[in-house]
Amino acid sequence: MFDRWIHSATARVALPALVGLCLVLVAVPAPAPAFAFDPSALQAYARKHYGARAERAVLAWQAMLAQAKGLSEQEKLRAVNDFWNSALIGGEDITIWHTVDYWATPVESLSKGAGDCEDYVIGKYFSLIDLGVPPEKLRLVYVRAQVGNQSIAHMVLGYYPSPQAEPLVLDSLVDRIQLAHLRPDLTPVFSFNARGIYMPGGARRSVDQIGRWRDLLRKMRAEGFQP
């Protein structure tokens with residue numbers, strides 16, 4: 001089971017059919033960018049495009065980040081997980097964005113006060129990077145989640161203290177951060193971060209293959225994030 005989380009895959013599945021991604025294989029993983037942002041630029045962007053409520057939500061996010069700066073990594077995980085799980089109401093893209101699959105930036109999600117599983121994970125991922133958690137310790141993990149009698153496509157954030165360690169799972173379905181073996185309801189499919197896509201057998205592919213990731217970064221740059 002832990003091997004599956006380390007390699008973030010259970011089988012050679014049809015990924016586009018599962019998550020709606022268009023993958024075009026390339027040979028060399030892209031270098032991982034570092035992310036930073038200008039707080040005043042984000043506030044101004046939120047106010048201009050989404051109004052005073054969105055600006056207040058962005059200010060609350062920035063206040064959480066400021067308070068968490070001096071914490072240990074474990075405490076940063078809890079602060080970020082708690083913030084995003086309480087800041088957003090879970091919903092479907094078709095309802096929130098009127099499209100089948102949309103990856104919202106943290107500012108967009110906060111402007112709506114709602115998001116689907118990817119939006120929670122995106123917010124947590126970039127928050128933790130801003131707090132100094134190394135990108136290689138974080139992975140956006142596509143899973144199959146057993147919810148009642150249904151198996152659904154879902155995304156969680158995995159935190160890996162070391163490359164071969166059992167990860168901690170940050171989830172929007174369960175507030176408590178838990179080790180992977182305590183989440184038998186989740187079956188990992190594949191994972192990625194700014195350094196690449198992690199597939200069966202440990203092979204790594206360029207994250208540039210994920211069109212929605214490229215679109216997400218483009219939107220974030222327009223909001224005031226700097227690679």
# chains A, B, ... in the order shown; residues from 1 in each chain; ligands from 1

call {"tool": "residues_around", "arguments": {"residues": "Val80 of chain A", "least_positions_apart": "2", "cutoff": "12 Å", "atoms": "only C-alpha atoms", "output": "mmCIF file with N, CA and C atoms, in the first residue's frame"}}
result
data_model
loop_
_atom_site.group_PDB
_atom_site.id
_atom_site.type_symbol
_atom_site.label_atom_id
_atom_site.label_comp_id
_atom_site.auth_asym_id
_atom_site.auth_seq_id
_atom_site.Cartn_x
_atom_site.Cartn_y
_atom_site.Cartn_z
ATOM 1 N N ALA A 60 -7.324 37.602 4.835
ATOM 2 C CA ALA A 60 -7.354 36.554 5.855
ATOM 3 C C ALA A 60 -6.350 35.463 5.525
ATOM 4 N N TRP A 61 -6.219 35.115 4.257
ATOM 5 C CA TRP A 61 -5.233 34.119 3.811
ATOM 6 C C TRP A 61 -3.823 34.600 4.135
ATOM 7 N N GLN A 62 -3.543 35.863 3.794
ATOM 8 C CA GLN A 62 -2.212 36.409 4.037
ATOM 9 C C GLN A 62 -1.917 36.510 5.530
ATOM 10 N N ALA A 63 -2.933 36.802 6.328
ATOM 11 C CA ALA A 63 -2.735 36.859 7.780
ATOM 12 C C ALA A 63 -2.378 35.483 8.328
ATOM 13 N N MET A 64 -3.045 34.435 7.816
ATOM 14 C CA MET A 64 -2.707 33.075 8.236
ATOM 15 C C MET A 64 -1.273 32.743 7.869
ATOM 16 N N LEU A 65 -0.872 33.102 6.658
ATOM 17 C CA LEU A 65 0.498 32.819 6.228
ATOM 18 C C LEU A 65 1.515 33.552 7.103
ATOM 19 N N ALA A 66 1.220 34.800 7.435
ATOM 20 C CA ALA A 66 2.140 35.576 8.277
ATOM 21 C C ALA A 66 2.274 34.943 9.660
ATOM 22 N N GLN A 67 1.166 34.486 10.217
ATOM 23 C CA GLN A 67 1.188 33.873 11.548
ATOM 24 C C GLN A 67 1.905 32.528 11.540
ATOM 25 N N ALA A 68 1.879 31.848 10.404
ATOM 26 C CA ALA A 68 2.459 30.504 10.325
ATOM 27 C C ALA A 68 3.947 30.505 9.971
ATOM 28 N N LYS A 69 4.504 31.648 9.651
ATOM 29 C CA LYS A 69 5.888 31.706 9.161
ATOM 30 C C LYS A 69 6.885 31.043 10.105
ATOM 31 N N LEU A 71 6.409 28.695 12.373
ATOM 32 C CA LEU A 71 6.012 27.388 12.897
ATOM 33 C C LEU A 71 6.864 26.270 12.314
ATOM 34 N N GLU A 73 7.273 22.586 10.339
ATOM 35 C CA GLU A 73 6.573 22.118 9.139
ATOM 36 C C GLU A 73 5.258 21.433 9.492
ATOM 37 N N GLN A 74 5.267 20.622 10.534
ATOM 38 C CA GLN A 74 4.034 19.935 10.930
ATOM 39 C C GLN A 74 2.954 20.944 11.315
ATOM 40 N N GLU A 75 3.342 21.993 12.022
ATOM 41 C CA GLU A 75 2.375 23.014 12.420
ATOM 42 C C GLU A 75 1.895 23.818 11.213
ATOM 43 N N LYS A 76 2.788 24.039 10.259
ATOM 44 C CA LYS A 76 2.380 24.726 9.025
ATOM 45 C C LYS A 76 1.342 23.904 8.271
ATOM 46 N N LEU A 77 1.546 22.586 8.221
ATOM 47 C CA LEU A 77 0.561 21.720 7.561
ATOM 48 C C LEU A 77 -0.811 21.891 8.195
ATOM 49 N N ARG A 78 -0.852 21.876 9.522
ATOM 50 C CA ARG A 78 -2.141 21.981 10.216
ATOM 51 C C ARG A 78 -2.778 23.347 9.978
ATOM 52 N N ASP A 82 -6.263 23.602 7.946
ATOM 53 C CA ASP A 82 -7.429 24.146 8.645
ATOM 54 C C ASP A 82 -7.982 25.378 7.930
ATOM 55 N N PHE A 83 -7.085 26.236 7.461
ATOM 56 C CA PHE A 83 -7.547 27.458 6.800
ATOM 57 C C PHE A 83 -8.364 27.136 5.559
ATOM 58 N N TRP A 84 -7.799 26.319 4.663
ATOM 59 C CA TRP A 84 -8.479 26.079 3.392
ATOM 60 C C TRP A 84 -9.740 25.227 3.569
ATOM 61 N N ASN A 85 -9.725 24.306 4.513
ATOM 62 C CA ASN A 85 -10.923 23.497 4.723
ATOM 63 C C ASN A 85 -12.075 24.316 5.295
ATOM 64 N N SER A 86 -11.752 25.414 5.958
ATOM 65 C CA SER A 86 -12.810 26.274 6.492
ATOM 66 C C SER A 86 -13.132 27.446 5.561
ATOM 67 N N ALA A 87 -12.177 27.838 4.701
ATOM 68 C CA ALA A 87 -12.376 29.003 3.830
ATOM 69 C C ALA A 87 -13.307 28.709 2.659
ATOM 70 N N TYR A 120 -9.077 23.087 -3.357
ATOM 71 C CA TYR A 120 -8.526 22.976 -2.002
ATOM 72 C C TYR A 120 -7.040 22.647 -2.053
ATOM 73 N N VAL A 121 -6.683 21.671 -2.897
ATOM 74 C CA VAL A 121 -5.294 21.211 -2.957
ATOM 75 C C VAL A 121 -4.381 22.302 -3.508
ATOM 76 N N ILE A 122 -4.836 23.010 -4.532
ATOM 77 C CA ILE A 122 -4.035 24.100 -5.103
ATOM 78 C C ILE A 122 -3.767 25.170 -4.048
ATOM 79 N N GLY A 123 -4.793 25.540 -3.300
ATOM 80 C CA GLY A 123 -4.614 26.534 -2.248
ATOM 81 C C GLY A 123 -3.623 26.081 -1.196
ATOM 82 N N LYS A 124 -3.720 24.831 -0.786
ATOM 83 C CA LYS A 124 -2.814 24.302 0.241
ATOM 84 C C LYS A 124 -1.379 24.201 -0.293
ATOM 85 N N TYR A 125 -1.252 23.723 -1.518
ATOM 86 C CA TYR A 125 0.076 23.533 -2.118
ATOM 87 C C TYR A 125 0.850 24.849 -2.172
ATOM 88 N N PHE A 126 0.232 25.893 -2.732
ATOM 89 C CA PHE A 126 0.949 27.158 -2.876
ATOM 90 C C PHE A 126 1.122 27.867 -1.542
ATOM 91 N N SER A 127 0.219 27.651 -0.604
ATOM 92 C CA SER A 127 0.397 28.215 0.731
ATOM 93 C C SER A 127 1.632 27.628 1.397
ATOM 94 N N LEU A 128 1.784 26.322 1.320
ATOM 95 C CA LEU A 128 2.920 25.666 1.971
ATOM 96 C C LEU A 128 4.238 26.021 1.295
ATOM 97 N N ILE A 129 4.223 26.166 -0.022
ATOM 98 C CA ILE A 129 5.441 26.607 -0.702
ATOM 99 C C ILE A 129 5.814 28.014 -0.243
ATOM 100 N N ASP A 130 4.818 28.894 -0.124
ATOM 101 C CA ASP A 130 5.093 30.245 0.354
ATOM 102 C C ASP A 130 5.675 30.214 1.764
ATOM 103 N N LEU A 131 5.284 29.223 2.561
ATOM 104 C CA LEU A 131 5.781 29.099 3.931
ATOM 105 C C LEU A 131 7.137 28.398 4.003
ATOM 106 N N VAL A 133 8.025 25.319 2.705
ATOM 107 C CA VAL A 133 8.080 23.856 2.594
ATOM 108 C C VAL A 133 8.631 23.514 1.212
ATOM 109 N N LEU A 157 -3.655 16.395 -1.150
ATOM 110 C CA LEU A 157 -2.260 16.837 -1.110
ATOM 111 C C LEU A 157 -1.473 15.868 -0.249
ATOM 112 N N LEU A 170 -3.446 15.475 3.249
ATOM 113 C CA LEU A 170 -4.271 16.651 3.523
ATOM 114 C C LEU A 170 -5.463 16.590 2.576
ATOM 115 N N ASP A 171 -6.658 16.531 3.140
ATOM 116 C CA ASP A 171 -7.847 16.221 2.350
ATOM 117 C C ASP A 171 -8.960 17.204 2.683
ATOM 118 N N SER A 172 -9.814 17.473 1.701
ATOM 119 C CA SER A 172 -10.985 18.320 1.932
ATOM 120 C C SER A 172 -12.183 17.519 2.434
ATOM 121 N N ASP A 175 -11.048 16.522 7.780
ATOM 122 C CA ASP A 175 -10.241 17.641 8.285
ATOM 123 C C ASP A 175 -8.921 17.190 8.904
ATOM 124 N N ARG A 176 -8.913 16.034 9.520
ATOM 125 C CA ARG A 176 -7.714 15.573 10.218
ATOM 126 C C ARG A 176 -6.648 15.128 9.220
ATOM 127 N N ILE A 177 -5.405 15.583 9.423
ATOM 128 C CA ILE A 177 -4.280 15.129 8.605
ATOM 129 C C ILE A 177 -3.860 13.754 9.106
#

call {"tool": "select_by_dssp", "arguments": {"residues": "segment 119-204 of chain A", "states": "alpha helix (DSSP H)", "output": "ChimeraX atom specification"}}
result
/A:119-130

call {"tool": "residues_around", "arguments": {"residues": "Val207 of chain A", "least_positions_apart": "6", "cutoff": "9 Å", "atoms": "only C-alpha atoms", "output": "NGL selection string"}}
result
:A and (29-30 or 192-197 or 213-214)

call {"tool": "write_last_selection", "arguments": {"atoms": "C-alpha atoms", "output": "PDB file, in the first residue's frame"}}
result
ATOM      1  CA  PRO A  29      11.159  16.838 -16.603  1.00  0.00           C
ATOM      2  CA  ALA A  30      10.779  20.594 -16.434  1.00  0.00           C
ATOM      3  CA  PHE A 192       2.576  15.590  -9.635  1.00  0.00           C
ATOM      4  CA  ASN A 193       4.173  18.777  -8.411  1.00  0.00           C
ATOM      5  CA  ALA A 194       6.215  21.594  -9.948  1.00  0.00           C
ATOM      6  CA  ARG A 195       9.085  19.135 -10.519  1.00  0.00           C
ATOM      7  CA  GLY A 196       7.191  16.596 -12.598  1.00  0.00           C
ATOM      8  CA  ILE A 197       4.571  13.870 -12.889  1.00  0.00           C
ATOM      9  CA  TRP A 213      -1.428  23.232 -14.718  1.00  0.00           C
ATOM     10  CA  ARG A 214       0.077  25.521 -17.371  1.00  0.00           C
TER      11      ARG A 214
END

call {"tool": "select_by_dssp", "arguments": {"residues": "segment 11-216 of chain A", "states": "strand (DSSP E)", "output": "ChimeraX atom specification"}}
result
/A:36-37,89-90,114-115,138-147,150-159,168-170,178-179,186-193,196-198,204-205

call {"tool": "write_last_selection", "arguments": {"atoms": "N, CA and C atoms", "output": "tab-separated table (two decimals), in the first residue's frame"}}
result
chain	number	residue	atom	x	y	z
A	36	ALA	N	6.53	33.15	-5.61
A	36	ALA	CA	6.42	34.21	-4.62
A	36	ALA	C	5.31	35.14	-5.10
A	37	PHE	N	4.82	35.98	-4.20
A	37	PHE	CA	3.80	36.91	-4.63
A	37	PHE	C	3.90	38.20	-3.82
A	89	ILE	N	-16.36	26.28	0.69
A	89	ILE	CA	-17.45	25.31	0.74
A	89	ILE	C	-17.28	24.40	-0.46
A	90	GLY	N	-17.34	23.10	-0.24
A	90	GLY	CA	-17.15	22.16	-1.33
A	90	GLY	C	-18.28	22.22	-2.35
A	114	ALA	N	-15.72	28.98	-2.42
A	114	ALA	CA	-16.14	27.61	-2.76
A	114	ALA	C	-15.13	27.01	-3.72
A	115	GLY	N	-15.10	25.68	-3.78
A	115	GLY	CA	-14.19	25.02	-4.70
A	115	GLY	C	-14.42	23.52	-4.70
A	138	LEU	N	5.97	17.94	-1.46
A	138	LEU	CA	4.53	18.08	-1.69
A	138	LEU	C	4.14	17.51	-3.04
A	139	ARG	N	3.05	16.78	-3.08
A	139	ARG	CA	2.53	16.27	-4.35
A	139	ARG	C	1.01	16.39	-4.38
A	140	LEU	N	0.51	16.82	-5.50
A	140	LEU	CA	-0.93	16.81	-5.75
A	140	LEU	C	-1.25	15.40	-6.24
A	141	VAL	N	-2.04	14.68	-5.50
A	141	VAL	CA	-2.25	13.25	-5.75
A	141	VAL	C	-3.68	12.98	-6.20
A	142	TYR	N	-3.82	12.46	-7.41
A	142	TYR	CA	-5.12	11.98	-7.86
A	142	TYR	C	-5.36	10.61	-7.24
A	143	VAL	N	-6.56	10.44	-6.69
A	143	VAL	CA	-6.92	9.19	-6.04
A	143	VAL	C	-8.32	8.78	-6.49
A	144	ARG	N	-8.67	7.52	-6.21
A	144	ARG	CA	-10.05	7.08	-6.21
A	144	ARG	C	-10.49	7.06	-4.75
A	145	ALA	N	-11.54	7.79	-4.43
A	145	ALA	CA	-12.02	7.88	-3.05
A	145	ALA	C	-13.34	7.12	-2.92
A	146	GLN	N	-13.40	6.28	-1.91
A	146	GLN	CA	-14.63	5.55	-1.64
A	146	GLN	C	-15.50	6.41	-0.73
A	147	VAL	N	-16.59	6.92	-1.27
A	147	VAL	CA	-17.52	7.77	-0.52
A	147	VAL	C	-18.87	7.06	-0.51
A	150	GLN	N	-19.98	4.78	-3.48
A	150	GLN	CA	-19.42	5.27	-4.73
A	150	GLN	C	-17.91	5.39	-4.67
A	151	SER	N	-17.25	5.11	-5.80
A	151	SER	CA	-15.83	5.38	-5.97
A	151	SER	C	-15.71	6.58	-6.90
A	152	ILE	N	-15.17	7.69	-6.38
A	152	ILE	CA	-15.13	8.92	-7.15
A	152	ILE	C	-13.69	9.35	-7.42
A	153	ALA	N	-13.49	10.09	-8.51
A	153	ALA	CA	-12.20	10.72	-8.77
A	153	ALA	C	-12.04	11.88	-7.80
A	154	HIS	N	-10.86	11.97	-7.18
A	154	HIS	CA	-10.66	12.95	-6.11
A	154	HIS	C	-9.19	13.34	-6.10
A	155	MET	N	-8.88	14.48	-5.50
A	155	MET	CA	-7.49	14.91	-5.36
A	155	MET	C	-7.21	15.27	-3.91
A	156	VAL	N	-6.03	14.89	-3.43
A	156	VAL	CA	-5.56	15.25	-2.09
A	156	VAL	C	-4.14	15.79	-2.22
A	157	LEU	N	-3.65	16.39	-1.15
A	157	LEU	CA	-2.26	16.84	-1.11
A	157	LEU	C	-1.47	15.87	-0.25
A	158	GLY	N	-0.38	15.34	-0.79
A	158	GLY	CA	0.49	14.46	-0.05
A	158	GLY	C	1.73	15.20	0.42
A	159	TYR	N	2.09	15.03	1.69
A	159	TYR	CA	3.31	15.61	2.24
A	159	TYR	C	4.26	14.47	2.55
A	168	LEU	N	1.83	12.04	4.62
A	168	LEU	CA	0.65	12.54	5.31
A	168	LEU	C	-0.32	13.04	4.25
A	169	VAL	N	-1.61	12.87	4.50
A	169	VAL	CA	-2.64	13.21	3.53
A	169	VAL	C	-3.44	14.40	4.04
A	170	LEU	N	-3.45	15.48	3.25
A	170	LEU	CA	-4.27	16.65	3.52
A	170	LEU	C	-5.46	16.59	2.58
A	178	GLN	N	-3.78	12.79	8.18
A	178	GLN	CA	-3.48	11.42	8.58
A	178	GLN	C	-2.44	10.79	7.68
A	179	LEU	N	-1.72	9.79	8.23
A	179	LEU	CA	-0.82	8.99	7.41
A	179	LEU	C	-1.63	8.20	6.38
A	186	LEU	N	-8.87	5.73	0.24
A	186	LEU	CA	-8.21	6.40	-0.88
A	186	LEU	C	-7.25	5.44	-1.59
A	187	THR	N	-7.37	5.36	-2.90
A	187	THR	CA	-6.46	4.56	-3.72
A	187	THR	C	-5.72	5.50	-4.67
A	188	PRO	N	-4.42	5.70	-4.49
A	188	PRO	CA	-3.69	6.65	-5.34
A	188	PRO	C	-3.58	6.17	-6.78
A	189	VAL	N	-3.63	7.12	-7.69
A	189	VAL	CA	-3.53	6.82	-9.13
A	189	VAL	C	-2.23	7.38	-9.70
A	190	PHE	N	-2.02	8.69	-9.58
A	190	PHE	CA	-0.73	9.28	-9.93
A	190	PHE	C	-0.64	10.63	-9.23
A	191	SER	N	0.58	11.19	-9.21
A	191	SER	CA	0.77	12.46	-8.52
A	191	SER	C	1.68	13.36	-9.34
A	192	PHE	N	1.68	14.64	-8.96
A	192	PHE	CA	2.58	15.59	-9.64
A	192	PHE	C	2.83	16.77	-8.71
A	193	ASN	N	3.87	17.50	-9.04
A	193	ASN	CA	4.17	18.78	-8.41
A	193	ASN	C	4.94	19.61	-9.44
A	196	GLY	N	7.52	17.61	-11.60
A	196	GLY	CA	7.19	16.60	-12.60
A	196	GLY	C	5.98	15.77	-12.22
A	197	ILE	N	5.66	14.82	-13.10
A	197	ILE	CA	4.57	13.87	-12.89
A	197	ILE	C	5.20	12.55	-12.48
A	198	TYR	N	4.67	11.95	-11.42
A	198	TYR	CA	5.23	10.72	-10.87
A	198	TYR	C	4.31	9.56	-11.25
A	204	ARG	N	9.57	9.75	-13.96
A	204	ARG	CA	9.08	11.11	-13.80
A	204	ARG	C	8.96	11.77	-15.17
A	205	ARG	N	7.85	12.45	-15.37
A	205	ARG	CA	7.61	13.12	-16.64
A	205	ARG	C	7.38	14.60	-16.40

call {"tool": "residues_around", "arguments": {"residues": "Ser40 of chain A", "least_positions_apart": "6", "cutoff": "10 Å", "atoms": "only C-alpha atoms", "output": "short mmCIF file (atom, residue, chain, number, x, y, z; two decimals) with all heavy atoms, in the first residue's frame"}}
result
data_model
loop_
_atom_site.label_atom_id
_atom_site.label_comp_id
_atom_site.auth_asym_id
_atom_site.auth_seq_id
_atom_site.Cartn_x
_atom_site.Cartn_y
_atom_site.Cartn_z
N ALA A 46 -7.70 41.25 -6.30
CA ALA A 46 -8.95 40.70 -5.76
C ALA A 46 -10.01 41.79 -5.66
O ALA A 46 -11.19 41.57 -6.02
CB ALA A 46 -8.70 40.07 -4.39
N LEU A 59 -6.94 38.87 2.35
CA LEU A 59 -6.25 39.39 3.54
C LEU A 59 -6.22 38.34 4.66
O LEU A 59 -5.20 38.21 5.36
CB LEU A 59 -6.96 40.66 4.03
CG LEU A 59 -6.67 41.94 3.23
CD1 LEU A 59 -7.65 43.04 3.63
CD2 LEU A 59 -5.24 42.40 3.45
N GLY A 224 -0.48 38.35 -9.90
CA GLY A 224 0.60 38.93 -9.11
C GLY A 224 1.61 37.95 -8.58
O GLY A 224 2.55 38.35 -7.89
#
